[in-house]
file protein18.cif (mmCIF, C-alpha atoms and all ligand atoms)
data_run
loop_
_atom_site.label_atom_id
_atom_site.label_comp_id
_atom_site.auth_asym_id
_atom_site.auth_seq_id
_atom_site.Cartn_x
_atom_site.Cartn_y
_atom_site.Cartn_z
CA MET A 1 81.06 15.34 -35.14
CA PRO A 2 83.86 17.83 -34.44
CA VAL A 3 82.54 21.37 -34.43
CA PRO A 4 84.80 23.83 -36.28
CA GLY A 5 85.70 27.03 -34.48
CA LEU A 6 85.12 25.48 -31.09
CA GLY A 7 88.79 24.68 -30.52
CA GLY A 8 87.92 21.72 -28.32
CA ARG A 9 86.14 23.95 -25.81
CA GLU A 10 83.50 22.53 -23.57
CA VAL A 11 79.84 23.10 -24.40
CA GLU A 12 77.55 24.56 -21.76
CA GLN A 13 75.06 21.83 -20.92
CA ARG A 14 72.30 21.29 -18.44
CA ALA A 15 73.77 20.10 -15.18
CA LYS A 16 73.46 16.37 -14.65
CA PHE A 17 70.88 15.22 -12.11
CA ALA A 18 73.66 13.79 -9.95
CA VAL A 19 75.11 17.25 -9.33
CA GLN A 20 71.76 19.01 -8.86
CA PRO A 21 70.57 19.49 -5.28
CA HIS A 22 68.14 16.96 -3.89
CA PRO A 23 64.53 18.29 -4.24
CA ALA A 24 64.28 18.43 -0.45
CA GLU A 25 67.29 20.75 -0.36
CA THR A 26 66.09 23.08 -3.09
CA ILE A 27 65.78 26.65 -1.90
CA ALA A 28 63.22 29.21 -3.00
CA VAL A 29 64.84 32.18 -4.71
CA GLN A 30 62.76 35.14 -5.77
CA PHE A 31 63.45 38.51 -7.26
CA GLN A 32 61.53 41.72 -7.06
CA CYS A 33 60.99 44.15 -9.94
CA LEU A 34 61.77 47.74 -9.02
CA GLU A 35 59.88 49.77 -11.61
CA SER A 36 60.33 53.25 -10.20
CA ARG A 37 63.08 55.25 -8.60
CA ALA A 38 61.08 55.29 -5.35
CA ASP A 39 61.01 51.46 -5.42
CA VAL A 40 64.77 51.40 -5.88
CA ASP A 41 65.37 53.86 -3.04
CA ALA A 42 63.09 51.86 -0.73
CA ASN A 43 65.13 48.72 -1.40
CA SER A 44 68.67 50.07 -1.27
CA SER A 45 69.24 50.12 2.47
CA TRP A 46 71.29 46.93 2.53
CA GLU A 47 74.75 46.86 3.95
CA VAL A 48 76.09 46.07 0.50
CA CYS A 49 74.44 46.81 -2.87
CA VAL A 50 75.89 44.87 -5.80
CA TYR A 51 75.01 46.07 -9.29
CA THR A 52 75.65 43.58 -12.06
CA ASP A 53 75.63 43.86 -15.84
CA GLY A 54 76.70 42.00 -18.96
CA SER A 55 77.64 43.48 -22.30
CA LYS A 56 78.31 42.36 -25.87
CA ILE A 57 79.78 44.91 -28.27
CA GLU A 58 81.23 44.12 -31.68
CA ASP A 59 81.47 40.45 -30.76
CA LYS A 60 83.31 41.21 -27.54
CA VAL A 61 81.75 40.10 -24.30
CA GLY A 62 82.23 41.23 -20.74
CA ALA A 63 80.45 41.46 -17.42
CA ALA A 64 80.98 43.48 -14.27
CA LEU A 65 80.05 44.07 -10.66
CA SER A 66 79.88 47.47 -9.03
CA ILE A 67 79.83 46.97 -5.27
CA TRP A 68 78.52 49.81 -3.10
CA VAL A 69 78.83 50.20 0.65
CA GLY A 70 77.28 53.12 2.49
CA GLY A 71 76.17 54.84 -0.73
CA VAL A 72 79.61 54.87 -2.37
CA GLU A 73 81.30 52.45 -4.71
CA ALA A 74 83.69 50.39 -2.65
CA LYS A 75 84.87 47.81 -5.16
CA THR A 76 84.51 46.82 -8.80
CA LYS A 77 85.08 43.59 -10.61
CA LYS A 78 85.39 43.19 -14.37
CA LEU A 79 84.80 39.78 -15.89
CA SER A 80 85.98 38.55 -19.25
CA LEU A 81 84.06 36.19 -21.51
CA PRO A 82 84.98 34.89 -24.99
CA SER A 83 83.44 36.34 -28.15
CA TYR A 84 81.05 33.42 -28.65
CA SER A 85 79.34 34.02 -25.30
CA THR A 86 75.87 35.53 -25.24
CA VAL A 87 74.77 38.61 -23.28
CA TYR A 88 72.49 36.28 -21.34
CA GLN A 89 75.52 34.23 -20.24
CA ALA A 90 77.36 37.42 -19.29
CA GLU A 91 74.40 38.65 -17.22
CA LEU A 92 74.00 35.27 -15.55
CA TYR A 93 77.70 35.00 -14.83
CA ALA A 94 77.69 38.47 -13.25
CA LEU A 95 74.79 37.40 -10.99
CA CYS A 96 76.69 34.25 -10.08
CA GLU A 97 79.76 36.31 -9.17
CA ALA A 98 77.61 38.66 -7.06
CA ALA A 99 76.26 35.66 -5.13
CA ARG A 100 79.78 34.29 -4.75
CA PHE A 101 80.93 37.68 -3.44
CA ALA A 102 78.12 37.68 -0.86
CA HIS A 103 79.00 34.15 0.17
CA ASN A 104 82.66 35.07 0.75
CA SER A 105 81.98 38.49 2.27
CA SER A 106 82.14 39.26 5.98
CA ARG A 107 79.08 41.50 5.72
CA SER A 108 75.59 40.18 6.25
CA THR A 109 72.91 41.91 4.12
CA PHE A 110 73.06 42.28 0.36
CA GLY A 111 70.92 43.71 -2.41
CA VAL A 112 71.85 42.39 -5.86
CA PHE A 113 70.58 44.50 -8.77
CA SER A 114 70.45 43.32 -12.37
CA ASP A 115 68.72 44.70 -15.46
CA SER A 116 68.45 41.22 -17.01
CA ARG A 117 65.07 39.78 -16.28
CA SER A 118 65.84 36.56 -18.17
CA ALA A 119 68.96 35.93 -16.08
CA LEU A 120 67.06 36.61 -12.84
CA GLU A 121 64.22 34.35 -13.96
CA THR A 122 66.68 31.54 -14.63
CA VAL A 123 68.19 31.92 -11.16
CA ALA A 124 64.74 32.04 -9.56
CA ASP A 125 63.53 28.98 -11.48
CA SER A 126 64.15 26.03 -9.17
CA GLY A 127 63.76 23.67 -12.16
CA SER A 128 66.51 25.34 -14.18
CA ALA A 129 69.54 23.13 -14.67
CA HIS A 130 71.68 25.89 -16.14
CA PRO A 131 75.11 25.42 -14.52
CA LEU A 132 75.41 29.13 -13.68
CA ALA A 133 71.93 29.20 -12.15
CA LEU A 134 72.78 26.19 -10.01
CA GLU A 135 76.05 27.77 -8.87
CA THR A 136 74.31 31.05 -8.08
CA ARG A 137 71.64 29.25 -6.07
CA SER A 138 74.30 27.28 -4.26
CA HIS A 139 76.09 30.51 -3.21
CA ILE A 140 72.77 31.98 -2.07
CA LYS A 141 72.00 28.85 -0.09
CA ASN A 142 75.43 28.81 1.56
CA SER A 143 75.09 32.50 2.38
CA ARG A 144 71.70 31.92 3.96
CA ASN A 145 73.21 29.09 5.99
CA GLN A 146 75.72 31.66 7.27
CA GLY A 147 72.77 33.81 8.36
CA LYS A 148 73.15 36.30 5.52
CA ILE A 149 70.32 37.96 3.64
CA ILE A 150 70.55 38.26 -0.13
CA ASN A 151 67.80 39.98 -2.07
CA LEU A 152 67.65 39.97 -5.85
CA TYR A 153 66.17 42.87 -7.78
CA TRP A 154 65.41 43.69 -11.36
CA VAL A 155 65.96 47.33 -12.30
CA LYS A 156 65.31 49.13 -15.57
CA ALA A 157 68.40 49.51 -17.77
CA HIS A 158 69.54 53.00 -18.74
CA ALA A 159 67.11 54.65 -16.34
CA GLY A 160 69.77 56.82 -14.73
CA LEU A 161 70.29 54.56 -11.72
CA GLN A 162 73.86 55.32 -10.67
CA GLY A 163 74.91 51.79 -9.69
CA ASN A 164 73.36 50.25 -12.78
CA GLU A 165 74.96 52.84 -15.07
CA ARG A 166 78.30 52.18 -13.44
CA ALA A 167 77.97 48.39 -13.87
CA ASP A 168 77.00 48.98 -17.52
CA GLN A 169 80.09 51.12 -18.06
CA LEU A 170 82.37 48.56 -16.38
CA ALA A 171 80.86 45.69 -18.38
CA ARG A 172 81.46 47.62 -21.61
CA GLU A 173 85.05 48.26 -20.59
CA ALA A 174 85.46 44.59 -19.71
CA ALA A 175 84.09 43.61 -23.13
CA LEU A 176 86.18 46.04 -25.16
CA HIS A 177 89.49 46.16 -23.32
CA SER A 178 89.95 42.95 -21.38
CA LYS A 179 92.91 40.97 -22.67
CA ARG A 180 93.06 38.32 -20.02
CA LYS A 181 91.94 34.72 -20.16
CA PRO A 182 88.13 34.40 -20.01
CA ASP A 183 86.71 33.93 -16.53
CA TYR A 184 83.91 31.78 -17.94
CA ASP A 185 84.26 30.08 -21.30
CA LEU A 186 81.64 27.38 -21.76
CA CYS A 187 80.21 27.54 -25.29
CA PRO A 188 76.50 28.28 -25.44
CA VAL A 189 74.48 25.65 -27.29
CA SER A 190 73.19 28.40 -29.63
CA PHE A 191 76.78 29.02 -30.80
CA VAL A 192 77.37 25.32 -31.42
CA LYS A 193 74.12 25.07 -33.39
CA ARG A 194 75.11 28.07 -35.50
CA GLN A 195 78.53 26.55 -36.19
CA ILE A 196 77.00 23.25 -37.28
CA ARG A 197 74.42 25.03 -39.43
CA ASP A 198 77.08 27.21 -41.10
CA GLN A 199 79.25 24.18 -41.75
CA SER A 200 76.32 22.28 -43.31
CA LEU A 201 75.41 25.28 -45.44
CA ARG A 202 78.98 25.69 -46.68
CA GLU A 203 79.17 22.00 -47.57
CA TRP A 204 75.80 22.08 -49.32
CA ASN A 205 76.72 25.26 -51.19
CA GLY A 206 80.00 23.70 -52.32
CA ARG A 207 78.13 20.75 -53.80
CA TYR A 208 75.59 23.07 -55.44
CA VAL A 209 78.15 25.47 -56.92
CA ASN A 210 80.54 22.79 -58.15
CA GLY A 211 77.96 20.21 -59.19
CA GLU A 212 76.56 19.81 -62.69
CA ALA A 213 72.90 19.71 -61.69
CA ALA A 214 70.58 22.71 -61.42
CA ALA A 215 72.06 24.61 -64.40
CA THR A 216 68.90 26.72 -64.88
CA THR A 217 68.52 27.46 -61.18
CA LYS A 218 72.13 28.67 -61.05
CA VAL A 219 71.35 31.32 -63.70
CA PHE A 220 68.99 32.89 -61.15
CA LEU A 221 70.61 31.83 -57.91
CA PRO A 222 74.32 31.05 -58.24
CA ASP A 223 74.81 30.78 -54.48
CA ALA A 224 72.68 28.44 -52.38
CA ILE A 225 73.20 30.37 -49.14
CA ALA A 226 72.13 33.69 -50.68
CA ALA A 227 69.29 31.86 -52.45
CA TYR A 228 67.70 30.86 -49.16
CA LYS A 229 66.98 34.47 -48.24
CA ILE A 230 65.86 35.44 -51.75
CA VAL A 231 63.43 32.53 -52.15
CA LYS A 232 62.10 33.07 -48.64
CA ASP A 233 61.50 36.70 -49.48
CA LEU A 234 59.74 35.85 -52.76
CA GLY A 235 57.66 33.11 -51.19
CA PRO A 236 57.63 29.78 -53.03
CA LYS A 237 54.86 29.54 -55.65
CA ALA A 238 54.13 26.90 -58.29
CA VAL A 239 55.01 29.11 -61.26
CA LEU A 240 58.05 30.58 -59.54
CA THR A 241 59.37 27.08 -58.88
CA GLN A 242 58.87 26.20 -62.57
CA VAL A 243 60.82 29.29 -63.59
CA LEU A 244 63.64 28.88 -61.12
CA THR A 245 64.17 25.25 -62.03
CA GLY A 246 63.13 25.21 -65.70
CA HIS A 247 61.06 22.18 -64.76
CA GLY A 248 57.62 23.23 -65.92
CA GLY A 249 55.46 24.14 -68.85
CA PHE A 250 58.23 24.56 -71.40
CA SER A 251 58.13 22.48 -74.60
CA GLU A 252 61.74 21.41 -74.30
CA TYR A 253 61.12 20.06 -70.78
CA LEU A 254 57.75 18.50 -71.63
CA TYR A 255 59.22 16.86 -74.72
CA ARG A 256 62.01 15.39 -72.64
CA TYR A 257 59.44 13.58 -70.51
CA LYS A 258 57.33 12.57 -73.52
CA CYS A 259 54.51 14.91 -72.54
CA LYS A 260 54.71 16.84 -75.78
CA GLY A 261 55.39 15.89 -79.38
CA SER A 262 57.98 18.56 -80.07
CA PRO A 263 60.48 20.61 -78.07
CA SER A 264 60.13 23.61 -80.38
CA CYS A 265 58.74 27.02 -79.55
CA ILE A 266 55.70 28.52 -81.28
CA CYS A 267 57.94 31.29 -82.64
CA ASP A 268 60.20 29.00 -84.65
CA SER A 269 60.05 25.27 -85.26
CA THR A 270 63.84 24.98 -85.13
CA THR A 271 64.18 26.72 -81.74
CA GLU A 272 63.61 24.83 -78.52
CA GLU A 273 61.26 26.44 -76.04
CA THR A 274 63.46 26.50 -72.97
CA LEU A 275 62.92 28.79 -70.02
CA LEU A 276 65.85 31.00 -71.02
CA HIS A 277 64.54 31.25 -74.58
CA VAL A 278 61.17 32.46 -73.26
CA ILE A 279 62.72 35.02 -70.96
CA LEU A 280 65.62 36.23 -73.07
CA SER A 281 64.96 35.86 -76.76
CA CYS A 282 61.53 34.60 -77.83
CA PRO A 283 59.99 37.27 -80.13
CA VAL A 284 56.49 36.35 -78.89
CA TYR A 285 57.30 38.09 -75.62
CA GLU A 286 59.25 40.99 -77.04
CA LYS A 287 56.87 43.65 -75.76
CA ASN A 288 56.72 42.15 -72.27
CA ARG A 289 60.50 41.94 -72.25
CA PHE A 290 60.86 45.53 -73.42
CA ASP A 291 58.48 46.77 -70.69
CA LEU A 292 60.34 44.80 -68.07
CA GLU A 293 63.73 46.10 -69.20
CA GLN A 294 62.41 49.66 -69.02
CA GLN A 295 61.24 49.06 -65.50
CA LEU A 296 64.46 47.38 -64.43
CA GLY A 297 66.65 49.95 -66.13
CA CYS A 298 68.90 47.26 -67.56
CA LYS A 299 69.06 44.80 -70.40
CA LEU A 300 67.88 41.27 -69.69
CA ALA A 301 70.75 38.90 -70.27
CA LYS A 302 71.75 35.53 -68.92
CA GLU A 303 74.58 37.20 -66.99
CA SER A 304 72.41 39.93 -65.45
CA ILE A 305 69.57 37.74 -64.15
CA LYS A 306 71.47 36.78 -61.00
CA GLU A 307 72.13 40.45 -60.24
CA ILE A 308 68.47 41.32 -60.69
CA MET A 309 67.53 38.48 -58.35
CA ALA A 310 70.01 39.67 -55.73
CA ASP A 311 68.70 43.25 -55.90
CA LEU A 312 65.75 43.51 -53.54
CA GLU A 313 64.40 46.67 -55.12
CA LYS A 314 64.52 45.31 -58.66
CA ARG A 315 63.24 41.93 -57.55
CA ASN A 316 60.18 43.37 -55.87
CA GLY A 317 59.62 46.33 -58.20
CA ALA A 318 59.52 44.35 -61.39
CA ASN A 319 57.75 41.06 -61.14
CA LEU A 320 59.56 39.04 -63.73
CA LEU A 321 56.90 36.39 -63.87
CA ARG A 322 53.97 38.73 -64.29
CA ARG A 323 55.63 40.52 -67.16
CA VAL A 324 56.97 37.63 -69.11
CA GLU A 325 53.59 36.37 -70.18
CA PRO A 326 50.98 34.79 -68.03
CA ARG A 327 49.08 33.26 -70.99
CA GLU A 328 51.76 30.78 -71.97
CA TYR A 329 52.24 29.62 -68.39
CA LYS A 330 48.55 29.03 -67.99
CA ARG A 331 48.45 26.89 -71.09
CA THR A 332 51.45 24.85 -70.18
CA GLU A 333 50.60 24.55 -66.50
CA THR A 334 47.57 22.48 -67.41
CA GLU A 335 49.78 20.19 -69.46
CA ILE A 336 52.04 19.15 -66.65
ZN ZN B 401 60.05 31.37 -79.01
#
call {"tool": "encode", "arguments": {"input": "protein18.cif", "output": "structure tokens", "more": "lines below"}}
Ligand SMILES: [Zn+2]
result
Amino acid sequence: MPVPGLGGREVEQRAKFAVQPHPAETIAVQFQCLESRADVDANSSWEVCVYTDGSKIEDKVGAALSIWVGGVEAKTKKLSLPSYSTVYQAELYALCEAARFAHNSSRSTFGVFSDSRSALETVADSGSAHPLALETRSHIKNSRNQGKIINLYWVKAHAGLQGNERADQLAREAALHSKRKPDYDLCPVSFVKRQIRDQSLREWNGRYVNGEAAATTKVFLPDAIAAYKIVKDLGPKAVLTQVLTGHGGFSEYLYRYKCKGSPSCICDSTTEETLLHVILSCPVYEKNRFDLEQQLGCKLAKESIKEIMADLEKRNGANLLRRVEPREYKRTETEI
């Protein structure tokens, strides 16, 4: 099925077994967590220290490297990613670029610092088939074959570590201001899933809104997508379901299915006892209705029910079901 919004872009998938290294050639990659400043200082004496970071701001994604030699920043690299990328991808891509830099560099010892534990864990996991993890590991392996040393470190974000702060700043700049073609643009599976889900929801909602069924439900919940959150918040209950569908202990409904001799309400033999009659106009429940309207601060009408349902405060503050008569529901519940 074509996925809208993807523009024919390639989806990021697990690397195929054929392109993964043979188990005998798998290398062990570890990272060390540097919790304190003293830990960081004790592990910063490499020829080159590469600080990496990824950033997602207002749906803009970027990553960056801040490369330090001899205690000063010698080089920076900003990386651009498309808006659908995740921060995790940005962090992982920055690590991959750091490993690539080490592989291509003429220097021989490197410390790579990232504040993304999940990205480091993916790189260190020899079973991970994430394409960026595999590429990173491949650069590390090639570097080791050249006699280089690459050490990976996790550092705390926003802890005042100069290199990390600098990489954070560069990644933000890359996210907000980069106008060039993305350096890495594979769509994360989470984005594709969200697109498919949104498309399904829109299609379902279109059928619901334009269809003839569920007339009573639409009085309460005119939009199926908004309804999902409201019903989840209310928590489905037997009586609530009867109210929201009109399929329950109401004479008109019971009569329709030959469960009751007459569709009329106890208030008037010529009036059908429908759900809306009970809630909006039946004189039997006038006091309950009055109390509820006082609490809601608005008149109960067919047109206002959907607004009450959409208003979290009103919805939770005034329990519609509790106020519009429990006795009648109890009686009719046993009938169905
Ligand atoms: Zn009535």
call {"tool": "residues_near_ligand", "arguments": {"input": "protein18.cif", "ligand": "ligand ZN 401 (chain B)", "cutoff": "9 Å", "atoms": "only C-alpha atoms and all ligand atoms", "output": "PyMOL selection string"}}
result
chain A and resi 264-269+271-274+277-278+281-285
call {"tool": "axis_aligned_box", "arguments": {"input": "protein18.cif", "around": "region 175-181 of chain A", "padding_each_side": "4 Å", "output": "JSON"}}
result
{"center_x": 88.6, "center_y": 40.4, "center_z": -22.6, "size_x": 17.0, "size_y": 19.4, "size_z": 13.1}
call {"tool": "atom_distance", "arguments": {"input": "protein18.cif", "atom1": "CA of Arg202 (chain A)", "atom2": "CA of Asp223 (chain A)"}}
result
10.2 Å
call {"tool": "closest_atom_pairs", "arguments": {"input": "protein18.cif", "of": "region 135-214 of chain A", "to": "region 49-71 of chain A", "cutoff": "7 Å", "atoms": "only C-alpha atoms", "output": "CSV"}}
result
residue,atom,partner,partner_atom,distance
A:Gly163,CA,A:Tyr51,CA,5.7
A:Asn164,CA,A:Tyr51,CA,5.7
A:Arg166,CA,A:Ser66,CA,6.6
A:Ala167,CA,A:Ser66,CA,5.3
A:Asp168,CA,A:Asp53,CA,5.6
A:Leu170,CA,A:Ala64,CA,5.7
A:Ala171,CA,A:Ala63,CA,4.4
A:Arg172,CA,A:Ser55,CA,5.7
A:Ala174,CA,A:Gly62,CA,4.8
A:Ala175,CA,A:Gly62,CA,3.9
A:Leu176,CA,A:Lys60,CA,6.1
call {"tool": "closest_residue", "arguments": {"input": "protein18.cif", "among": "A:Ile140, A:Ile196, A:Leu221, A:Ala90", "to": "Ser304 (chain A)", "atoms": "only C-alpha atoms"}}
result
A:Leu221
call {"tool": "closest_residue", "arguments": {"input": "protein18.cif", "among": "A:Leu275, A:Cys96, A:Ile225, A:Ala124", "to": "Gly246 (chain A)", "atoms": "all atoms listed in the file"}}
result
A:Leu275
call {"tool": "atom_distance", "arguments": {"input": "protein18.cif", "atom1": "CA of Val112 (chain A)", "atom2": "CA of Trp46 (chain A)"}}
result
9.6 Å
call {"tool": "closest_residue", "arguments": {"input": "protein18.cif", "among": "A:Ser83, A:Gln30, A:Asn205, A:Asn316", "to": "Ser178 (chain A)", "atoms": "all atoms listed in the file"}}
result
A:Ser83
call {"tool": "closest_residue", "arguments": {"input": "protein18.cif", "among": "A:Gly111, A:Pro222, A:Gly147, A:Gly235", "to": "Lys302 (chain A)", "atoms": "all atoms listed in the file"}}
result
A:Pro222
call {"tool": "residues_around", "arguments": {"input": "protein18.cif", "residues": "Ala159 (chain A)", "least_positions_apart": "3", "cutoff": "12 Å", "atoms": "all atoms listed in the file", "output": "PDB file with C-alpha atoms, in the coordinates of the input"}}
result
ATOM      1  CA  LEU A  34      61.770  47.740  -9.020  1.00  0.00           C
ATOM      2  CA  GLU A  35      59.880  49.770 -11.610  1.00  0.00           C
ATOM      3  CA  SER A  36      60.330  53.250 -10.200  1.00  0.00           C
ATOM      4  CA  ARG A  37      63.080  55.250  -8.600  1.00  0.00           C
ATOM      5  CA  VAL A  40      64.770  51.400  -5.880  1.00  0.00           C
ATOM      6  CA  ASP A 115      68.720  44.700 -15.460  1.00  0.00           C
ATOM      7  CA  VAL A 155      65.960  47.330 -12.300  1.00  0.00           C
ATOM      8  CA  LYS A 156      65.310  49.130 -15.570  1.00  0.00           C
ATOM      9  CA  GLN A 162      73.860  55.320 -10.670  1.00  0.00           C
ATOM     10  CA  GLY A 163      74.910  51.790  -9.690  1.00  0.00           C
ATOM     11  CA  ASN A 164      73.360  50.250 -12.780  1.00  0.00           C
ATOM     12  CA  GLU A 165      74.960  52.840 -15.070  1.00  0.00           C
ATOM     13  CA  ARG A 166      78.300  52.180 -13.440  1.00  0.00           C
ATOM     14  CA  ASP A 168      77.000  48.980 -17.520  1.00  0.00           C
TER      15      ASP A 168
END
call {"tool": "atom_distance", "arguments": {"input": "protein18.cif", "atom1": "CA of Ile27 (chain A)", "atom2": "CA of Ser126 (chain A)"}}
result
7.5 Å
call {"tool": "closest_residue", "arguments": {"input": "protein18.cif", "among": "A:Asn288, A:Thr136, A:Ser80, A:Gln13", "to": "Lys181 (chain A)", "atoms": "only C-alpha atoms"}}
result
A:Ser80
call {"tool": "closest_residue", "arguments": {"input": "protein18.cif", "among": "A:Leu79, A:Gln169, A:Ala74, A:Gly261", "to": "Ala94 (chain A)", "atoms": "all atoms listed in the file"}}
result
A:Leu79
call {"tool": "residues_around", "arguments": {"input": "protein18.cif", "residues": "Ile149 (chain A)", "least_positions_apart": "2", "cutoff": "7 Å", "atoms": "all atoms listed in the file", "output": "NGL selection string"}}
result
:A and (108-110 or 144 or 147 or 151)
call {"tool": "residues_around", "arguments": {"input": "protein18.cif", "residues": "Leu312 (chain A)", "least_positions_apart": "4", "cutoff": "10 Å", "atoms": "all atoms listed in the file", "output": "PyMOL selection string"}}
result
chain A and resi 230+233-234+307-308+316-317
call {"tool": "residues_around", "arguments": {"input": "protein18.cif", "residues": "region 19-22 of chain A", "least_positions_apart": "2", "cutoff": "9 Å", "atoms": "all atoms listed in the file", "output": "JSON, numbers by chain"}}
result
{"A": [15, 16, 17, 24, 25, 26, 129, 134, 138]}
call {"tool": "residues_around", "arguments": {"input": "protein18.cif", "residues": "Ile305 (chain A)", "least_positions_apart": "3", "cutoff": "12 Å", "atoms": "all atoms listed in the file", "output": "ChimeraX atom specification"}}
result
/A:216-222,244,276,279-280,293,296,298-302,308-311,314-315,320
call {"tool": "build_atoms", "arguments": {"input": "protein18.cif", "residues": "region 186-193 of chain A", "atoms": "all heavy atoms", "output": "tab-separated table (two decimals), keeping the file's coordinate frame"}}
result
chain	number	residue	atom	x	y	z
A	186	LEU	N	82.43	28.47	-21.18
A	186	LEU	CA	81.64	27.38	-21.76
A	186	LEU	C	80.86	27.91	-22.97
A	186	LEU	O	80.28	28.99	-22.93
A	186	LEU	CB	80.67	26.80	-20.74
A	186	LEU	CG	81.30	26.03	-19.56
A	186	LEU	CD1	80.23	25.41	-18.69
A	186	LEU	CD2	82.26	24.96	-20.06
A	187	CYS	N	80.88	27.12	-24.05
A	187	CYS	CA	80.21	27.54	-25.29
A	187	CYS	C	78.70	27.40	-25.15
A	187	CYS	O	78.22	26.32	-24.78
A	187	CYS	CB	80.62	26.64	-26.44
A	187	CYS	SG	82.19	27.04	-27.10
A	188	PRO	N	77.95	28.45	-25.48
A	188	PRO	CA	76.50	28.28	-25.44
A	188	PRO	C	76.04	27.35	-26.56
A	188	PRO	O	76.65	27.31	-27.62
A	188	PRO	CB	75.98	29.70	-25.67
A	188	PRO	CG	77.07	30.41	-26.38
A	188	PRO	CD	78.36	29.78	-25.93
A	189	VAL	N	74.98	26.61	-26.30
A	189	VAL	CA	74.48	25.65	-27.29
A	189	VAL	C	74.10	26.39	-28.58
A	189	VAL	O	74.29	25.88	-29.69
A	189	VAL	CB	73.27	24.87	-26.72
A	189	VAL	CG1	72.62	24.00	-27.77
A	189	VAL	CG2	73.74	24.00	-25.55
A	190	SER	N	73.59	27.63	-28.45
A	190	SER	CA	73.19	28.40	-29.63
A	190	SER	C	74.39	28.61	-30.56
A	190	SER	O	74.26	28.54	-31.78
A	190	SER	CB	72.61	29.76	-29.22
A	190	SER	OG	73.57	30.50	-28.49
A	191	PHE	N	75.57	28.81	-29.99
A	191	PHE	CA	76.78	29.02	-30.80
A	191	PHE	C	77.14	27.72	-31.54
A	191	PHE	O	77.47	27.74	-32.72
A	191	PHE	CB	77.94	29.45	-29.89
A	191	PHE	CG	79.26	29.54	-30.60
A	191	PHE	CD1	79.57	30.66	-31.36
A	191	PHE	CD2	80.19	28.52	-30.51
A	191	PHE	CE1	80.78	30.76	-32.02
A	191	PHE	CE2	81.41	28.62	-31.17
A	191	PHE	CZ	81.71	29.73	-31.92
A	192	VAL	N	77.04	26.61	-30.81
A	192	VAL	CA	77.37	25.32	-31.42
A	192	VAL	C	76.41	25.02	-32.57
A	192	VAL	O	76.81	24.59	-33.65
A	192	VAL	CB	77.34	24.20	-30.36
A	192	VAL	CG1	77.66	22.86	-30.98
A	192	VAL	CG2	78.30	24.51	-29.23
A	193	LYS	N	75.12	25.30	-32.34
A	193	LYS	CA	74.12	25.07	-33.39
A	193	LYS	C	74.44	25.91	-34.62
A	193	LYS	O	74.33	25.45	-35.75
A	193	LYS	CB	72.73	25.44	-32.87
A	193	LYS	CG	72.09	24.39	-32.01
A	193	LYS	CD	70.68	24.82	-31.68
A	193	LYS	CE	69.98	23.82	-30.79
A	193	LYS	NZ	68.71	24.31	-30.29
